[in-house]
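Chemist: Have a peek at coords.txt (compact mmCIF, C-alpha atoms).
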# COMPACT_ATOMS: atom_id res chain seq x y z
CA MET I 1 90.05 89.67 124.92
CA GLU I 2 90.45 88.06 128.35
CA LYS I 3 93.68 88.61 130.30
CA LYS I 4 94.83 84.98 129.94
CA GLU I 5 94.13 85.09 126.22
CA ILE I 6 96.18 88.28 125.86
CA ILE I 7 99.16 86.75 127.70
CA VAL I 8 99.14 83.60 125.53
CA GLN I 9 98.74 85.78 122.42
CA GLN I 10 101.75 87.90 123.43
CA GLU I 11 103.87 84.79 124.03
CA ILE I 12 102.92 83.39 120.61
CA LEU I 13 103.69 86.65 118.85
CA GLY I 14 106.99 86.98 120.71
CA THR I 15 108.12 83.49 119.68
CA ASN I 16 106.90 84.09 116.15
CA LYS I 17 108.83 87.35 115.90
CA LYS I 18 112.07 85.65 116.97
CA ILE I 19 111.73 82.92 114.35
CA ALA I 20 110.77 85.50 111.71
CA LEU I 21 113.90 87.57 112.43
CA GLU I 22 116.08 84.49 111.94
CA ILE I 23 114.37 83.60 108.66
CA ARG I 24 114.72 87.15 107.33
CA LYS I 25 118.38 87.37 108.29
CA LYS I 26 119.22 84.00 106.75
CA LEU I 27 117.38 84.54 103.48
CA GLU I 28 118.40 88.17 102.96
CA LEU I 29 122.06 87.16 103.35
CA ARG I 30 121.46 84.56 100.63
CA GLY I 31 119.99 87.29 98.41
CA VAL I 32 116.45 85.91 98.52
CA LEU I 33 113.65 88.49 98.47
CA VAL I 34 110.78 87.04 100.52
CA VAL I 35 107.36 88.52 99.72
CA ASN I 36 104.32 87.86 101.93
CA PHE I 37 100.95 88.28 100.15
CA LEU I 38 97.94 89.11 102.34
CA SER I 39 94.30 89.49 101.34
CA SER I 40 90.72 88.34 101.72
CA PRO I 41 89.76 84.99 100.17
CA GLY I 42 89.33 85.32 96.42
CA SER I 43 91.15 88.62 95.95
CA GLY I 44 93.34 87.05 93.30
CA LYS I 45 96.59 86.16 95.09
CA THR I 46 97.13 82.93 93.15
CA SER I 47 96.18 84.48 89.80
CA LEU I 48 98.65 87.31 90.43
CA LEU I 49 101.37 84.78 91.27
CA GLU I 50 100.66 82.87 88.06
CA ARG I 51 101.17 86.09 86.08
CA ILE I 52 104.30 86.99 88.02
CA ALA I 53 105.68 83.51 87.30
CA GLU I 54 105.11 83.94 83.57
CA MET I 55 107.03 87.22 83.58
CA LEU I 56 109.76 86.53 86.12
CA ARG I 57 110.67 82.91 85.42
CA PRO I 58 112.42 83.32 82.06
CA GLY I 59 115.30 85.25 83.65
CA HIS I 60 115.01 84.59 87.39
CA SER I 61 114.48 81.75 89.84
CA MET I 62 111.47 81.80 92.12
CA ALA I 63 109.69 79.52 94.55
CA VAL I 64 106.27 79.71 96.21
CA ILE I 65 104.84 78.71 99.59
CA GLU I 66 101.06 78.40 99.52
CA GLY I 67 99.03 78.73 102.72
CA ASP I 68 95.49 77.39 102.90
CA ILE I 69 93.22 75.87 105.49
CA GLU I 70 92.46 72.91 103.24
CA THR I 71 93.34 71.60 99.75
CA GLU I 72 96.52 71.51 97.65
CA ARG I 73 94.82 73.42 94.82
CA ASP I 74 96.85 76.63 94.85
CA ALA I 75 100.23 74.88 94.90
CA GLU I 76 99.08 72.74 91.96
CA ARG I 77 98.16 75.88 90.00
CA ILE I 78 101.63 77.35 90.62
CA ARG I 79 103.40 74.08 89.73
CA ARG I 80 101.61 74.10 86.38
CA LYS I 81 103.60 77.28 85.67
CA GLY I 82 106.82 75.31 86.14
CA VAL I 83 107.53 76.83 89.55
CA GLN I 84 108.48 74.86 92.66
CA ALA I 85 105.68 75.26 95.22
CA TRP I 86 104.97 73.89 98.69
CA GLN I 87 101.48 73.77 100.14
CA ILE I 88 101.00 74.39 103.85
CA THR I 89 97.50 73.37 104.96
CA THR I 90 96.81 74.78 108.40
CA GLY I 91 93.86 72.46 109.07
CA GLY I 92 91.75 75.26 110.53
CA ALA I 93 94.22 77.94 111.60
CA CYS I 94 93.48 81.34 110.09
CA HIS I 95 97.03 82.48 109.28
CA LEU I 96 100.55 81.25 108.57
CA GLU I 97 103.22 81.48 111.28
CA ALA I 98 106.97 81.89 110.91
CA LYS I 99 107.70 78.38 112.21
CA MET I 100 105.69 76.88 109.32
CA VAL I 101 107.89 78.78 106.87
CA GLY I 102 111.01 77.89 108.88
CA LYS I 103 110.34 74.17 108.49
CA LEU I 104 110.46 74.52 104.70
CA LEU I 105 113.73 76.49 104.58
CA PRO I 106 115.98 73.43 104.06
CA GLN I 107 114.02 72.67 100.89
CA ILE I 108 114.42 76.12 99.29
CA PRO I 109 117.02 75.74 96.50
CA GLU I 110 120.27 77.70 96.95
CA THR I 111 119.70 79.42 93.61
CA THR I 112 116.34 80.93 94.60
CA GLU I 113 116.12 84.69 94.09
CA PHE I 114 112.46 85.25 95.00
CA LEU I 115 110.35 83.39 97.56
CA PHE I 116 106.67 84.30 97.42
CA ILE I 117 104.41 83.33 100.31
CA GLU I 118 100.67 83.32 99.74
CA ASN I 119 99.05 83.60 103.15
CA VAL I 120 95.68 82.10 104.15
CA GLY I 121 92.86 84.20 102.66
CA ASN I 122 92.03 86.47 105.58
CA LEU I 123 92.36 90.25 105.75
CA VAL I 124 92.61 90.26 109.56
CA CYS I 125 94.74 87.69 111.40
CA PRO I 126 97.74 87.22 109.03
CA ALA I 127 98.61 90.91 109.51
CA SER I 128 99.79 90.14 113.06
CA TYR I 129 102.30 87.45 112.03
CA ASP I 130 105.71 88.34 110.64
CA LEU I 131 106.83 85.42 108.45
CA GLY I 132 110.37 86.69 107.93
CA GLU I 133 109.42 88.53 104.76
CA SER I 134 111.39 91.47 103.36
CA LEU I 135 108.30 92.81 101.68
CA ARG I 136 104.63 92.63 102.60
CA CYS I 137 101.98 93.13 99.91
CA VAL I 138 98.29 93.53 100.64
CA LEU I 139 95.84 92.87 97.82
CA LEU I 140 92.45 94.54 97.51
CA SER I 141 90.20 93.36 94.70
CA ALA I 142 87.84 95.86 93.11
CA PRO I 143 84.69 93.83 93.97
CA GLU I 144 85.51 94.01 97.69
CA GLY I 145 84.80 97.74 97.69
CA ASP I 146 86.80 100.93 98.15
CA ASP I 147 85.82 101.20 101.84
CA LYS I 148 87.96 98.27 103.03
CA PRO I 149 91.27 99.91 104.09
CA LYS I 150 89.75 101.78 107.05
CA LYS I 151 87.64 98.79 108.09
CA TYR I 152 90.64 96.42 108.11
CA PRO I 153 93.49 98.83 108.87
CA LYS I 154 96.22 96.52 110.18
CA ALA I 155 96.82 94.71 106.88
CA PHE I 156 97.25 98.11 105.19
CA SER I 157 99.31 99.78 107.93
CA THR I 158 101.85 96.92 108.05
CA ALA I 159 102.23 96.47 104.28
CA ASP I 160 104.90 97.90 101.96
CA CYS I 161 102.71 97.82 98.88
CA LEU I 162 99.05 97.69 97.96
CA ILE I 163 98.08 95.79 94.84
CA ILE I 164 94.57 96.62 93.65
CA THR I 165 93.40 93.61 91.63
CA LYS I 166 90.62 92.80 89.13
CA ALA I 167 90.87 96.25 87.55
CA ASP I 168 89.13 94.74 84.50
CA LEU I 169 85.92 94.92 86.58
CA PHE I 170 86.15 98.71 87.18
CA PRO I 171 83.62 99.47 84.38
CA VAL I 172 80.91 97.26 85.91
CA LEU I 173 81.44 97.97 89.62
CA PRO I 174 80.72 100.83 92.02
CA PHE I 175 84.43 100.92 92.97
CA ASN I 176 86.19 104.28 93.30
CA VAL I 177 89.88 103.56 92.83
CA GLU I 178 90.96 107.05 93.96
CA GLN I 179 88.93 106.68 97.15
CA ALA I 180 90.52 103.27 97.87
CA LYS I 181 94.03 104.67 97.32
CA LYS I 182 93.29 107.74 99.43
CA GLU I 183 92.01 105.63 102.36
CA ALA I 184 94.96 103.28 102.19
CA LEU I 185 97.49 106.12 102.01
CA GLU I 186 95.89 107.87 104.97
CA ILE I 187 96.56 104.73 107.01
CA ASN I 188 100.03 104.22 105.55
CA PRO I 189 101.56 107.07 103.52
CA ARG I 190 104.60 105.00 102.48
CA LEU I 191 102.50 102.37 100.62
CA ARG I 192 103.45 101.79 96.98
CA VAL I 193 100.20 101.33 95.05
CA PHE I 194 99.73 99.21 91.91
CA ILE I 195 96.61 98.75 89.80
CA THR I 196 96.44 95.32 88.17
CA SER I 197 94.31 92.87 86.27
CA ALA I 198 95.63 89.31 86.19
CA LEU I 199 92.96 88.49 83.60
CA LYS I 200 94.14 91.19 81.16
CA GLY I 201 97.78 91.29 82.27
CA GLU I 202 97.50 94.98 83.21
CA GLY I 203 100.00 96.36 85.72
CA ILE I 204 101.86 93.08 86.30
CA GLN I 205 105.06 94.31 84.64
CA GLU I 206 105.20 97.23 87.13
CA VAL I 207 104.80 94.86 90.09
CA VAL I 208 107.54 92.55 88.79
CA GLN I 209 109.87 95.55 88.22
CA TYR I 210 109.20 96.66 91.81
CA PHE I 211 110.21 93.22 93.12
CA LEU I 212 113.37 93.27 90.97
CA ASP I 213 114.26 96.73 92.33
CA CYS I 214 113.59 95.67 95.92
CA ARG I 215 115.85 92.63 95.53
CA LYS I 216 118.62 94.79 94.04
CA GLU I 217 118.30 97.17 97.00
CA LEU I 218 118.38 94.22 99.44
CA ILE I 219 121.59 92.86 97.91
CA GLN I 220 123.26 96.28 98.03
CA ARG I 221 122.20 96.66 101.66
CA HIS I 222 123.91 93.38 102.59
CA ALA I 223 126.97 93.83 100.35
CA MET G 1 98.70 75.36 117.84
CA GLU G 2 100.66 75.09 121.08
CA LYS G 3 99.15 73.16 124.03
CA LYS G 4 98.63 76.29 126.17
CA GLU G 5 97.01 78.06 123.24
CA ILE G 6 94.62 75.15 122.71
CA ILE G 7 93.59 75.12 126.39
CA VAL G 8 92.85 78.87 126.42
CA GLN G 9 91.00 78.51 123.11
CA GLN G 10 88.84 75.68 124.54
CA GLU G 11 88.01 77.75 127.64
CA ILE G 12 87.01 80.73 125.50
CA LEU G 13 84.84 78.61 123.23
CA GLY G 14 83.23 76.89 126.23
CA THR G 15 82.31 80.20 127.87
CA ASN G 16 81.13 81.56 124.52
CA LYS G 17 78.89 78.53 123.96
CA LYS G 18 77.22 78.95 127.36
CA ILE G 19 76.42 82.62 126.72
CA ALA G 20 75.22 81.79 123.20
CA LEU G 21 72.82 79.15 124.51
CA GLU G 22 71.30 81.67 126.92
CA ILE G 23 70.89 84.28 124.19
CA ARG G 24 69.25 81.78 121.83
CA LYS G 25 66.85 80.52 124.49
CA LYS G 26 65.86 84.03 125.56
CA LEU G 27 65.33 85.42 122.07
CA GLU G 28 63.59 82.36 120.62
CA LEU G 29 61.09 82.44 123.49
CA ARG G 30 60.41 86.07 122.56
CA GLY G 31 59.84 85.01 118.95
CA VAL G 32 62.96 86.72 117.62
CA LEU G 33 64.72 85.00 114.73
CA VAL G 34 68.44 85.74 115.08
CA VAL G 35 70.44 85.40 111.85
CA ASN G 36 74.25 85.45 111.84
CA PHE G 37 75.82 86.48 108.50
CA LEU G 38 79.35 85.22 107.79
CA SER G 39 81.59 85.97 104.83
CA SER G 40 84.86 87.38 103.53
CA PRO G 41 85.26 91.17 103.53
CA GLY G 42 83.35 92.73 100.65
CA SER G 43 81.08 89.79 99.85
CA GLY G 44 78.05 92.05 100.11
CA LYS G 45 76.67 91.43 103.62
CA THR G 46 75.64 95.07 104.19
CA SER G 47 74.19 95.46 100.68
CA LEU G 48 72.13 92.30 101.21
CA LEU G 49 70.87 93.63 104.55
CA GLU G 50 69.89 96.92 102.93
CA ARG G 51 67.79 95.00 100.40
CA ILE G 52 66.28 92.78 103.08
CA ALA G 53 65.35 95.90 105.07
CA GLU G 54 63.55 97.40 102.07
CA MET G 55 61.50 94.23 101.64
CA LEU G 56 60.92 93.18 105.24
CA ARG G 57 60.39 96.50 107.02
CA PRO G 58 56.97 97.45 105.63
CA GLY G 59 55.28 94.53 107.44
CA HIS G 60 57.81 93.37 110.04
CA SER G 61 60.13 94.75 112.71
CA MET G 62 63.85 94.13 112.42
CA ALA G 63 67.08 95.26 114.06
CA VAL G 64 70.72 94.86 113.08
CA ILE G 65 74.00 94.37 114.92
CA GLU G 66 77.02 95.30 112.82
CA GLY G 67 80.43 93.82 113.58
CA ASP G 68 83.57 95.49 112.26
CA ILE G 69 87.14 95.97 113.37
CA GLU G 70 86.92 99.72 112.83
CA THR G 71 84.41 102.36 111.67
CA GLU G 72 80.67 102.90 112.19
CA ARG G 73 80.03 102.87 108.43
CA ASP G 74 77.91 99.75 108.12
CA ALA G 75 75.54 100.67 110.98
CA GLU G 76 75.11 104.10 109.36
CA ARG G 77 74.17 102.47 106.05
CA ILE G 78 71.53 100.33 107.79
CA ARG G 79 70.15 103.30 109.79
CA ARG G 80 69.62 105.16 106.53
CA LYS G 81 67.09 102.42 105.72
CA GLY G 82 65.12 103.36 108.85
CA VAL G 83 66.31 100.30 110.78
CA GLN G 84 67.70 100.37 114.32
CA ALA G 85 71.35 99.30 114.17
CA TRP G 86 74.18 98.94 116.69
CA GLN G 87 77.81 98.94 115.65
CA ILE G 88 80.26 96.72 117.53
CA THR G 89 83.85 97.69 116.69
CA THR G 90 86.16 94.94 117.89
CA GLY G 91 89.29 97.13 117.70
CA GLY G 92 91.35 94.35 116.13
CA ALA G 93 89.56 91.12 117.00
CA CYS G 94 88.73 89.02 113.97
CA HIS G 95 85.24 87.83 114.96
CA LEU G 96 82.23 88.63 117.14
CA GLU G 97 81.65 86.73 120.39
CA ALA G 98 78.38 85.92 122.15
CA LYS G 99 79.13 88.22 125.10
CA MET G 100 79.30 91.22 122.72
CA VAL G 101 75.81 90.37 121.48
CA GLY G 102 74.64 89.66 125.05
CA LYS G 103 75.56 93.18 126.18
CA LEU G 104 73.20 94.65 123.56
CA LEU G 105 70.21 92.46 124.47
CA PRO G 106 68.62 94.99 126.90
CA GLN G 107 68.47 97.47 124.01
CA ILE G 108 66.63 95.17 121.57
CA PRO G 109 63.00 96.39 121.43
CA GLU G 110 60.37 93.93 122.69
CA THR G 111 58.57 94.11 119.34
CA THR G 112 61.59 92.90 117.33
CA GLU G 113 60.83 89.92 115.08
CA PHE G 114 64.18 89.63 113.27
CA LEU G 115 67.66 90.37 114.61
CA PHE G 116 70.34 90.25 111.93
CA ILE G 117 73.99 90.11 112.96
CA GLU G 118 76.63 91.02 110.41
CA ASN G 119 79.86 89.43 111.58
CA VAL G 120 83.37 90.80 110.97
CA GLY G 121 84.39 90.15 107.36
CA ASN G 122 86.37 86.95 107.72
CA LEU G 123 85.58 83.54 106.24
CA VAL G 124 87.61 81.69 108.90
CA CYS G 125 87.41 82.70 112.57
CA PRO G 126 83.74 83.72 112.99
CA ALA G 127 82.70 80.15 112.06
CA SER G 128 83.96 78.95 115.47
CA TYR G 129 81.82 81.35 117.52
CA ASP G 130 78.14 80.67 118.19
CA LEU G 131 76.46 84.05 118.77
CA GLY G 132 73.15 82.60 119.91
CA GLU G 133 71.73 82.67 116.37
CA SER G 134 68.87 80.46 115.22
CA LEU G 135 70.13 80.61 111.66
CA ARG G 136 73.59 80.95 110.21
CA CYS G 137 74.05 82.21 106.66
CA VAL G 138 77.34 82.14 104.79
CA LEU G 139 77.75 84.45 101.80
CA LEU G 140 79.98 83.71 98.82
CA SER G 141 80.32 86.45 96.22
CA ALA G 142 80.86 85.43 92.60
CA PRO G 143 84.19 87.32 92.29
CA GLU G 144 85.68 85.24 95.14
CA GLY G 145 85.62 82.16 92.96
CA ASP G 146 83.78 78.83 92.91
CA ASP G 147 86.65 77.02 94.66
CA LYS G 148 86.16 78.63 98.08
CA PRO G 149 83.88 76.15 99.94
CA LYS G 150 86.51 73.38 100.11
CA LYS G 151 89.28 75.84 100.97
CA TYR G 152 87.30 77.38 103.87
CA PRO G 153 85.09 74.45 104.89
CA LYS G 154 84.05 75.38 108.45
CA ALA G 155 81.96 78.42 107.48
CA PHE G 156 80.06 76.20 105.02
CA SER G 157 79.75 73.12 107.24
CA THR G 158 78.28 75.11 110.16
CA ALA G 159 75.83 77.21 108.10
CA ASP G 160 72.14 76.64 107.45
CA CYS G 161 72.08 78.52 104.19
CA LEU G 162 74.48 79.67 101.50
CA ILE G 163 73.73 82.95 99.77
CA ILE G 164 75.69 83.39 96.54
CA THR G 165 75.94 87.15 95.93
CA LYS G 166 76.82 89.49 93.05
CA ALA G 167 75.12 87.20 90.52
CA ASP G 168 74.98 90.25 88.21
CA LEU G 169 78.71 89.64 87.62
CA PHE G 170 78.24 86.05 86.35
CA PRO G 171 78.50 87.15 82.67
CA VAL G 172 81.91 88.78 83.13
CA LEU G 173 83.53 86.31 85.57
CA PRO G 174 85.02 82.82 85.35
CA PHE G 175 82.62 81.69 88.12
CA ASN G 176 80.87 78.32 87.77
CA VAL G 177 77.78 78.56 89.97
CA GLU G 178 77.01 74.82 89.68
CA GLN G 179 80.55 73.98 90.79
CA ALA G 180 80.28 76.31 93.81
CA LYS G 181 76.93 74.78 94.82
CA LYS G 182 78.25 71.24 94.34
CA GLU G 183 81.33 71.90 96.52
CA ALA G 184 79.28 73.52 99.25
CA LEU G 185 76.68 70.73 99.27
CA GLU G 186 79.40 68.08 99.45
CA ILE G 187 80.58 69.72 102.68
CA ASN G 188 77.06 70.26 103.99
CA PRO G 189 74.17 68.52 102.19
CA ARG G 190 71.49 70.29 104.27
CA LEU G 191 72.51 73.79 103.05
CA ARG G 192 69.73 75.86 101.48
CA VAL G 193 71.25 77.71 98.52
CA PHE G 194 70.14 81.11 97.19
CA ILE G 195 71.47 83.04 94.19
CA THR G 196 71.22 86.79 94.63
CA SER G 197 72.22 90.17 93.31
CA ALA G 198 71.71 93.07 95.70
CA LEU G 199 72.46 95.45 92.82
CA LYS G 200 69.65 94.08 90.63
CA GLY G 201 67.37 92.85 93.43
CA GLU G 202 67.55 89.25 92.15
CA GLY G 203 66.79 86.46 94.62
CA ILE G 204 66.20 88.73 97.64
CA GLN G 205 62.48 87.90 97.83
CA GLU G 206 63.33 84.19 98.18
CA VAL G 207 65.78 84.90 101.01
CA VAL G 208 63.23 87.06 102.85
CA GLN G 209 60.57 84.36 102.42
CA TYR G 210 62.99 81.79 103.86
CA PHE G 211 63.54 83.98 106.95
CA LEU G 212 59.77 84.43 107.36
CA ASP G 213 59.27 80.65 107.13
CA CYS G 214 62.07 79.99 109.61
CA ARG G 215 60.56 82.43 112.12
CA LYS G 216 57.13 80.80 111.73
CA GLU G 217 58.70 77.40 112.38
CA LEU G 218 60.56 78.79 115.43
CA ILE G 219 57.34 80.17 116.93
CA GLN G 220 55.52 76.87 116.37
CA ARG G 221 58.40 75.01 117.98
CA HIS G 222 58.15 77.13 121.14
CA ALA G 223 54.32 77.29 121.24
Now, as a test, write the supplied structure out as structure tokens.

Modeler:
Amino acid sequence: MEKKEIIVQQEILGTNKKIALEIRKKLELRGVLVVNFLSSPGSGKTSLLERIAEMLRPGHSMAVIEGDIETERDAERIRRKGVQAWQITTGGACHLEAKMVGKLLPQIPETTEFLFIENVGNLVCPASYDLGESLRCVLLSAPEGDDKPKKYPKAFSTADCLIITKADLFPVLPFNVEQAKKEALEINPRLRVFITSALKGEGIQEVVQYFLDCRKELIQRHA
Amino acid sequence: MEKKEIIVQQEILGTNKKIALEIRKKLELRGVLVVNFLSSPGSGKTSLLERIAEMLRPGHSMAVIEGDIETERDAERIRRKGVQAWQITTGGACHLEAKMVGKLLPQIPETTEFLFIENVGNLVCPASYDLGESLRCVLLSAPEGDDKPKKYPKAFSTADCLIITKADLFPVLPFNVEQAKKEALEINPRLRVFITSALKGEGIQEVVQYFLDCRKELIQRHA
């Protein structure tokens, strides 16, 4: 990158970080667990959220912020599950920024326990932007290949958990799940790893339990 | 985006465009067809290139530039096919730029007929950077879903051809190939569409023939 580009980039990230810290502080004090989902396009972020909604909604309140370059499609899918969802369309930008989330804060109901943010489908740029989340989850779908963690390390090194998706395709794909886990854990040994299939419902209960535990821990931390 | 960010972005794109124009002029006059491959991570760019190499190499000379954030893996895969390949590792940057390609030009053999560039896996940012290619191909793998063209329109609107990959997974996926084609053609009616499976070899011959035809047309244009 050119020098001028680097300076502007640092200023943007600095401002973003400040806003993100405020969002995190505000929402954690309210007992809201904010989860930021990162992945390539088509890794199954929305399908995972639909499954989480089915499992979490009966006993807990959740809301969703959807990030996309264009279309309201993902928010509409989430709303069909009876969940309040806001669509941010970036109109070209390749990632969400904290200020976009900040603008929606007044609309988040006081009763919300979980706020899920689905970032723009991009395994690179969103990793550099803190959105004020308490938890960052990176998704890797089986068809993308087990060699992705080392090729796109930042998303994996900055995440708290790795959710391997589309496990129903394991039998028909040259995907080595142990290799994928090994690569990811070499980059980030503290990653919690989940194996899921939104299509078959596999592994979703474990992910939901993890979110419940993380929120409990967050509330104790701020008690 | 902030005003300062937009100005820097415009300067970068302006400089990039100038370098790209020079590269295109130079290589087209030498009869080299430069093809820029864009897609999400794991859509099958390298696998497609391996298949193209098997089919094209016996009668034609080709070279490959591999773009990745980290690792030399993709260039190594291409070299195993007997093809000269250079790896550009961007060290974090989310796309290739024309100047990166320009630096490699002195190393491209005089006899080269086809230069394939595999961009960083990212369906957003690379679409804004002309690399001096004569042809831009966007890949969409079946597991990514048929709803991606309208959600990531720039990659599709700036491409000359759309290569749908992993067609071998059609029977086990909720992917509507006609819907994907329709969406892409609504964004860009001049797109040539190919359906391929690198695993089964399906559709690769048609893609190779298209590249041969495009190079013939390029040579006639500069005769």

Chemist: Here's a test: counting only C-alpha atoms, identify every protein, DNA and RNA residue with an atom at most 12 Å from (119.0, 79.7, 98.1) in the file's coordinate frame, and state them as a list in words.

Modeler: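 With a cut-off of 12 Å, the residues come to Lys26, Leu27, Glu28, Leu29, Arg30, Gly31, Val32, Leu33, Val34, Ser61, Met62, Ala63, Leu104, Leu105, Pro106, Gln107, Ile108, Pro109, Glu110, Thr111, Thr112, Glu113, Phe114 and Leu115 of chain I.
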
Chemist: Considering only C-alpha atoms, extract the chain G residues located within 8 Å of chain I and return them as an MDAnalysis selection string.

Modeler: chainID G and resid 4:5 8:9 40:43 68:71 92 94 122:125 143:145 148 150:154

Chemist: Name the residues in contact with Leu49 (chain I) at a cut-off of 12 Å, using all atoms listed in the file, excluding same-chain residues fewer than 4 positions from it; report them as a ChimeraX atom specification.

Modeler: /I:35-37,43-45,53-57,62-66,74-75,77-81,83,85,114-118,139,165,197-199,201,204,207-208

Chemist: Mind giving me the straight-line distance from CA of Asp160 (chain I) to CA of Ile88 (chain G) in Å, one decimal?

Modeler: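 Going from CA of Asp160 (chain I) over to CA of Ile88 (chain G) covers 29.2 Å.
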
Chemist: In file coordinates, which residues lie within 8 Å of (102.3, 87.8, 114.4) using only C-alpha atoms, given as a count of residues only?

Modeler: 12

Chemist: So what do you get for CA of Phe194 (chain G) versus CA of Ile164 (chain G), distance-wise?

Modeler: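 Atom-to-atom, CA of Phe194 (chain G) and CA of Ile164 (chain G) are spaced 6.0 Å apart.
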
Chemist: Which residues are close to Glu186 (chain G), i.e. within 12 Å by all atoms listed in the file, leaving aside same-chain residues fewer than 4 positions away? Reply as a list in words.

Modeler: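 Non-adjacent residues within range: Pro149, Lys150, Pro153, Phe156, Ser157, Gln179, Ala180, Lys181, Lys182, Arg190 and Leu191 of chain G.
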
Chemist: Using CA of Leu135 (chain G) and CA of Arg215 (chain G) as the two end points, give the distance in Å to one decimal.

Modeler: 9.8 Å

Chemist: Put a box with edges along x, y and z around all the listed atoms of region 28-35 of chain G, pad it by 8 Å on each side, then give me its centre and sizes in Å, one decimal, as JSON.

Modeler:
{"center_x": 65.1, "center_y": 84.5, "center_z": 117.7, "size_x": 26.6, "size_y": 20.4, "size_z": 27.6}

Chemist: For a quick check of understanding, using all atoms listed in the file, which of I:Glu22, I:Asn176, I:Gly82, I:Thr46 has the smallest distance to Pro58 (chain I)?

Modeler: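 With all atoms listed in the file as the atom set, the closest residue is I:Gly82.
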